[in-house]
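What follows is one structure encoded as structure tokens, with my remarks underneath.
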Amino acid sequence: MERSTIVRVHEGLHARPATRFVKLAKAFESDVELVKDGKAVSAKSSVKLMLLAVKENQEVTVRANGADAIEAIEALIGYLENPKAGLDDEDTHAPATDQGKEAAPAPGPRSAPAASGEASSGLRGVAASEGVAIGPAFAHFPPDIAGQGRMLQADEIAGEIDRFRAAVAAVQARMDRALAQDGLSAGDRGIVAALRDIAADDSLTGEAEKAIKGGNDAVSAAITAASTIAADFSAVDDHYLNARADDVHAVGRQISLVLLGQDDVSLENIPQGAILIADDIGAWDLARAPLKRIGGVVCGHGGATSHIAIIARSHGIPAVLGLGDRIHLLRTAQEVALDGNSGQVIIDPDAATRADFAGRVQAAAKERAGLTAFKTVTPKLADGRVIEVAANIGSLEEIEAAQEAGAMGVGLFRTELLFMRHMHLPSEDMQAETYAALAKAFAPYPVIVRTLDIGGDKPIAGIEFPDEENPFLGWRGIRMCLDRPDIFKRQLRALLRAAVHGNIKVMLPMVSDLGEVRQTRVLVAECAAELKAEGVPHATFDLGVMIETPAAVLIAPALAKEVAFFSIGTNDLTQYIMAADRLNPTVAKLNDVTNPAVMSAIGLTAKAGVAAGIMVGMCGEAAGRPDLIPAFLEMGLTELSMSPASIQRAKKTITAMAAGE
């Protein structure tokens with residue numbers, strides 16, 4: 001494990017603070033290294049540490065390998081970020097002892113990990129798909145498309161509209177053929193289907209035809225329409241919607257190419273293990289590319305929620321996106337190293353960096369190989385209790401990665417992405433098809449679907465949100481849904497219909513009052529009665545709640561009598577318990593799930609659920625932490641849901657517990 005930080009120790013790690021740092025490092029069993037400018041030394045050697053010449057305000061990386069690696073890193077990072085650590089009157093900061101072992105200083109805010117060897121040629125982008133890679137650069141910079149730039153005569157307009165419509169139909173047909181291919185993975189199929197939806201959307205085609213009627217040629221109109229719609233997405237202060245702008249541009253480009261009678265530059269010739277470099281890669285192009293040959297992706301556009309990122313993650317390809325104009329620095333690169341965990345990109349790395357990355361790639365492959373044995377394991381505790389290790393996902397594209405990891409169902413399906421990826425609110429039929437596909441994919445395992453959780457940091461098109469001083473404490477989650485039954489009932493009806501196809505469970509976000517659960521039950525009953533009257537097949541589902549507000553924790557015993565299960569959302573629960581915005585870096589150190597207040601809230605919730613005989617699970621990021629899993633299971637949790645990448649490691653942790661290790 002490793003984390004990077006900026007050293008705040010007064011005047012750096014000179015003799016006195018270096019000695020204290022080494023003393024603290026020796027309190028841990030793990031092997032610990034400190035890395036600066038590509039050079040790594042043992043953190044347990046005072047001489048080597050001083051020779052490293054770490055100055056105040058320099059960036060360093062702490063690495064740890066061993067049973068207590070997490071604790072070691074937290075303690076040492078906390079020391080490095082302490083501005084008073086280098087002062088002579090540091091008595092109050094000297095490590096205290098507890099039964100002979102030194103206690104760790106309070107951990108500082110989490111920093112993105114960084115690979116060693118970052119020099120002037122290193123760049124930082126969006127860490128979009130985890131993993132490290134190094135390989136030959138494959139530059140993919142297709143030429144820009146331009147319209148004819150002439151105004152149409154009145155008698156040309158009708159023919160140009162027909163030509164445009166034929167091009168749109170050709171793009172849709174091409175995508176339909178791709179969707180019919182057996183070789184397209186389930187995840188990529190979902191992305192191509194989403195792009196097809198954009199190509200068929202009246203907003204795009206209508207905008208283009210309007211421009212043609214105004215005298216623009218079809219290519220210019222397609223480009224202008226795509227830019228206009230994409231700008232609308234980009235203007236919204238939300239990363240999910242921003243990511244859709246790239247999809248619109250990709251569709252506009254495909255339409256324009258058909259109009260020009262051209263084919264896009266192909267990725268078919270990319271060498272094995274090459275790093276794909278591009279200003280922008282259409283999801284349509286990437287989905288059809290020889291993905292098994294691609295070692296990594298570096299892109300000027302795109303973010304963590306873009307389709308490029310989703311495809312990369314689902315195929316295990318490290319990716320760094322969002323470099324902007326700096327992507328052009330890689331046009332002439334011969335070799336590229338990238339770290340999809342930190343967003344670091346190194347152009348033409350030196351020998352030391354090359355060796356470092358090669359070693360990390362090899363170590364990661366070895367770790368993955370060792371964990372694959374746990375893919376099919378059903379983890380049980382010594383008393384025979386089965387612990388369900390499920391996946392957190394937000395789209396059908398992520399099903400394949402969850403299944404490959406060995407997910408025992410879905411512990412959190414975020415339905416907001418279904419709403420965010422379209423330019424209009426999704427219909428009941430569209431939602432029912434999505435939830436049904438999810439249920440079928442994981443049957444007989446349960447699939448827990450979270451009802452629409454928008455507002456706060458997740459606004460969507462089609463719903464007008466009020467201006468709020470603090471949207472995280474405002475009209476979001478179940479509060480918004482109950483105020484908009486026209487939207488909420490459509491989703492509940494779709495869930496009832498999908499329940500016919502598998503083990504669907506439904507949970508409500510942001511619950512803080514018993515009345516919210518009871519009102520929802522009334523709406524569910526209304527929807528079931530409507531479907532019955534219409535003769536539409538449907539089935540009942542278990543109704544549960546997310547525990548993420550302090551109010552929900554305090555009324556957990558009463559809530560447990562109303563619902564079938566609890567799922568603890570540690571991300572929001574932590575920010576609300578600590579009264580610290582999780583998006584605000586200045587209070588990041590308060591967003592620590594291990595804080596006694598947060599752990600106490602989790603314990604109280606578990607106690608209430610166990611006493612009532614209902615399932616208690618967790619779907620926050622903490623559910624995948626090996627250092628915390630034992631504590632959660634001792635509290636009585638029997639379900640943990642996490643990123644697919646963490647599933648096999650979690651299964652290994654639980655199996656080791658059962659074996660008494």
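Chain labels follow the order of the structure tokens: the first chain is A, the next B, and so on; residue numbering restarts at 1 in every chain, and ligands are counted from 1 in their shown order.
For Ala579 (chain A), the set of protein, DNA and RNA residues having any atom at most 9 Å away, when counting only C-alpha atoms and skipping those fewer than 3 positions along the same chain, is Thr574, Gln575, Tyr576, Leu590 and Asn591 of chain A.
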Compile the contact shell of region 532-535 of chain A as a ChimeraX atom specification: residues with an atom at most 12 Å away, counting only C-alpha atoms, same-chain residues fewer than 6 positions apart removed. /A:493,496-497,525-526
Write a file of the just-selected residues containing N, CA, C and O atoms, as a PDB file, in the first residue's frame.
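What landed in part.pdb:
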```
ATOM      1  N   ARG A 493     -43.320   1.111  -9.998  1.00  0.00           N
ATOM      2  CA  ARG A 493     -44.023   0.193 -10.903  1.00  0.00           C
ATOM      3  C   ARG A 493     -43.017  -0.653 -11.690  1.00  0.00           C
ATOM      4  O   ARG A 493     -43.194  -1.866 -11.860  1.00  0.00           O
ATOM      5  N   LEU A 496     -41.607  -3.348  -9.398  1.00  0.00           N
ATOM      6  CA  LEU A 496     -42.579  -4.424  -9.177  1.00  0.00           C
ATOM      7  C   LEU A 496     -42.621  -5.350 -10.393  1.00  0.00           C
ATOM      8  O   LEU A 496     -42.705  -6.578 -10.253  1.00  0.00           O
ATOM      9  N   ARG A 497     -42.553  -4.774 -11.575  1.00  0.00           N
ATOM     10  CA  ARG A 497     -42.553  -5.591 -12.798  1.00  0.00           C
ATOM     11  C   ARG A 497     -41.274  -6.419 -12.904  1.00  0.00           C
ATOM     12  O   ARG A 497     -41.294  -7.591 -13.293  1.00  0.00           O
ATOM     13  N   ALA A 525     -48.214  -0.049  -2.630  1.00  0.00           N
ATOM     14  CA  ALA A 525     -49.517  -0.733  -2.687  1.00  0.00           C
ATOM     15  C   ALA A 525     -50.368  -0.176  -3.826  1.00  0.00           C
ATOM     16  O   ALA A 525     -51.046  -0.931  -4.541  1.00  0.00           O
ATOM     17  N   GLU A 526     -50.348   1.134  -4.007  1.00  0.00           N
ATOM     18  CA  GLU A 526     -51.097   1.760  -5.103  1.00  0.00           C
ATOM     19  C   GLU A 526     -50.596   1.252  -6.457  1.00  0.00           C
ATOM     20  O   GLU A 526     -51.389   0.919  -7.347  1.00  0.00           O
TER      21      GLU A 526
END
```
I need the residue nearest Ala194 (chain A) from this list: A:Val345, A:Asp217, A:Leu418, A:Ala170. Use only C-alpha atoms for the distance. A:Leu418
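If you look at CA of Ala67 (chain A) and CA of Pro630 (chain A), they are 13.8 Å away from each other.
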Write out as a CSV table (one decimal) with C-alpha atoms, in the first residue's frame which residues come within 7 Å of region 332-335 of chain A when counting only C-alpha atoms, dropping same-chain ones fewer than 5 positions away.
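Written out: result-v6.csv:
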```csv
chain,number,residue,atom,x,y,z
A,135,GLY,CA,4.2,0.1,-22.9
A,136,PRO,CA,4.8,1.6,-26.4
A,137,ALA,CA,2.7,4.7,-27.2
A,347,ILE,CA,6.3,10.3,-20.9
A,348,ASP,CA,9.3,8.2,-22.1
```
Strand (DSSP E) per DSSP on the backbone: members of region 413-628 of chain A, as JSON, numbers by chain: {"A": [413, 414, 446, 447, 448, 449, 450, 503, 504, 505, 506, 507, 508, 542, 543, 544, 545, 546, 547, 565, 566, 567, 568, 615, 616, 617, 618]}
Write the selection just made, keeping N, CA and C atoms, as a tab-separated table (two decimals), in the first residue's frame?
```tsv
chain	number	residue	atom	x	y	z
A	413	PHE	N	-27.51	-0.97	-6.32
A	413	PHE	CA	-27.61	-0.54	-7.71
A	413	PHE	C	-28.07	0.90	-7.69
A	414	ARG	N	-27.19	1.79	-8.17
A	414	ARG	CA	-27.47	3.23	-8.14
A	414	ARG	C	-28.31	3.59	-9.36
A	446	PRO	N	-29.61	-11.99	-4.47
A	446	PRO	CA	-30.43	-10.76	-4.39
A	446	PRO	C	-29.79	-9.59	-5.12
A	447	VAL	N	-30.64	-8.73	-5.61
A	447	VAL	CA	-30.21	-7.48	-6.23
A	447	VAL	C	-30.94	-6.36	-5.49
A	448	ILE	N	-30.18	-5.54	-4.76
A	448	ILE	CA	-30.77	-4.44	-3.99
A	448	ILE	C	-30.69	-3.17	-4.82
A	449	VAL	N	-31.84	-2.66	-5.17
A	449	VAL	CA	-31.94	-1.47	-6.00
A	449	VAL	C	-32.26	-0.27	-5.12
A	450	ARG	N	-31.42	0.73	-5.17
A	450	ARG	CA	-31.70	1.96	-4.41
A	450	ARG	C	-32.59	2.86	-5.25
A	503	ASN	N	-34.59	-11.94	-7.76
A	503	ASN	CA	-34.67	-11.59	-6.34
A	503	ASN	C	-34.40	-10.10	-6.15
A	504	ILE	N	-35.38	-9.29	-6.51
A	504	ILE	CA	-35.26	-7.84	-6.39
A	504	ILE	C	-35.61	-7.41	-4.96
A	505	LYS	N	-34.74	-6.57	-4.40
A	505	LYS	CA	-35.02	-5.88	-3.14
A	505	LYS	C	-34.87	-4.39	-3.38
A	506	VAL	N	-35.59	-3.60	-2.62
A	506	VAL	CA	-35.60	-2.16	-2.86
A	506	VAL	C	-35.26	-1.44	-1.55
A	507	MET	N	-34.36	-0.45	-1.65
A	507	MET	CA	-34.05	0.33	-0.45
A	507	MET	C	-34.17	1.82	-0.72
A	508	LEU	N	-34.53	2.52	0.34
A	508	LEU	CA	-34.81	3.95	0.26
A	508	LEU	C	-33.63	4.74	0.80
A	542	ASP	N	-38.90	-7.12	-1.08
A	542	ASP	CA	-38.54	-6.67	0.26
A	542	ASP	C	-38.19	-5.19	0.21
A	543	LEU	N	-38.64	-4.45	1.21
A	543	LEU	CA	-38.35	-3.02	1.29
A	543	LEU	C	-37.41	-2.77	2.46
A	544	GLY	N	-36.30	-2.10	2.17
A	544	GLY	CA	-35.34	-1.76	3.22
A	544	GLY	C	-34.96	-0.30	3.17
A	545	VAL	N	-34.08	0.10	4.07
A	545	VAL	CA	-33.65	1.51	4.09
A	545	VAL	C	-32.14	1.58	4.19
A	546	MET	N	-31.60	2.66	3.63
A	546	MET	CA	-30.19	2.97	3.85
A	546	MET	C	-30.07	3.73	5.16
A	547	ILE	N	-29.09	3.36	5.94
A	547	ILE	CA	-28.81	4.09	7.18
A	547	ILE	C	-27.65	5.03	6.89
A	565	PHE	N	-34.74	-4.96	5.83
A	565	PHE	CA	-33.28	-4.95	5.97
A	565	PHE	C	-32.75	-3.53	6.10
A	566	PHE	N	-31.53	-3.44	6.64
A	566	PHE	CA	-30.78	-2.19	6.70
A	566	PHE	C	-29.56	-2.33	5.77
A	567	SER	N	-29.17	-1.23	5.15
A	567	SER	CA	-27.89	-1.17	4.44
A	567	SER	C	-27.22	0.13	4.85
A	568	ILE	N	-26.07	0.02	5.46
A	568	ILE	CA	-25.38	1.19	6.01
A	568	ILE	C	-24.55	1.86	4.92
A	615	MET	N	-31.81	-8.46	8.16
A	615	MET	CA	-30.47	-8.42	7.63
A	615	MET	C	-29.88	-7.02	7.79
A	616	VAL	N	-28.62	-6.97	8.18
A	616	VAL	CA	-27.90	-5.71	8.24
A	616	VAL	C	-26.70	-5.81	7.31
A	617	GLY	N	-26.64	-4.94	6.32
A	617	GLY	CA	-25.54	-4.93	5.37
A	617	GLY	C	-24.87	-3.58	5.33
A	618	MET	N	-23.87	-3.45	4.49
A	618	MET	CA	-23.16	-2.19	4.32
A	618	MET	C	-22.82	-2.02	2.85
```
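Separating CA of Gln181 (chain A) from CA of Val298 (chain A) is a distance of 27.6 Å.
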In terms of the shortest atom-to-atom distance over only C-alpha atoms, which of A:Ala200, A:Ala437, A:Ala133, A:Ala180 is closest to Ala167 (chain A)? A:Ala200
Give me the residues within 12 Å of Ala363 (chain A) as a ChimeraX atom specification, counting only C-alpha atoms and dropping any in the same chain fewer than 6 places off. /A:1,131-133,356-357,369-370
Just-selected residues, N, CA, C and O atoms written as a compact mmCIF listing (two decimals), in the first residue's frame:
```
# COMPACT_ATOMS: atom_id res chain seq x y z
N MET A 1 0.85 -1.18 0.00
CA MET A 1 0.00 0.00 0.00
C MET A 1 0.89 1.23 0.00
O MET A 1 2.03 1.19 0.47
N GLY A 131 -5.10 0.51 -11.78
CA GLY A 131 -4.07 -0.35 -12.33
C GLY A 131 -2.91 0.46 -12.87
O GLY A 131 -3.03 1.67 -13.09
N VAL A 132 -1.77 -0.18 -13.05
CA VAL A 132 -0.61 0.48 -13.62
C VAL A 132 -0.22 -0.22 -14.92
O VAL A 132 -0.48 -1.41 -15.09
N ALA A 133 0.39 0.53 -15.82
CA ALA A 133 0.79 -0.04 -17.10
C ALA A 133 1.98 0.73 -17.65
O ALA A 133 2.17 1.91 -17.34
N ASP A 356 10.62 0.36 -12.08
CA ASP A 356 9.63 0.47 -10.99
C ASP A 356 8.24 0.08 -11.47
O ASP A 356 7.54 -0.71 -10.83
N PHE A 357 7.84 0.61 -12.62
CA PHE A 357 6.51 0.31 -13.14
C PHE A 357 6.40 -1.16 -13.54
O PHE A 357 5.38 -1.80 -13.31
N ALA A 369 -3.72 -12.88 -9.48
CA ALA A 369 -3.72 -14.33 -9.67
C ALA A 369 -3.99 -15.05 -8.37
O ALA A 369 -4.71 -16.06 -8.32
N GLY A 370 -3.42 -14.53 -7.28
CA GLY A 370 -3.63 -15.17 -5.99
C GLY A 370 -5.04 -15.03 -5.47
O GLY A 370 -5.55 -15.91 -4.76
```
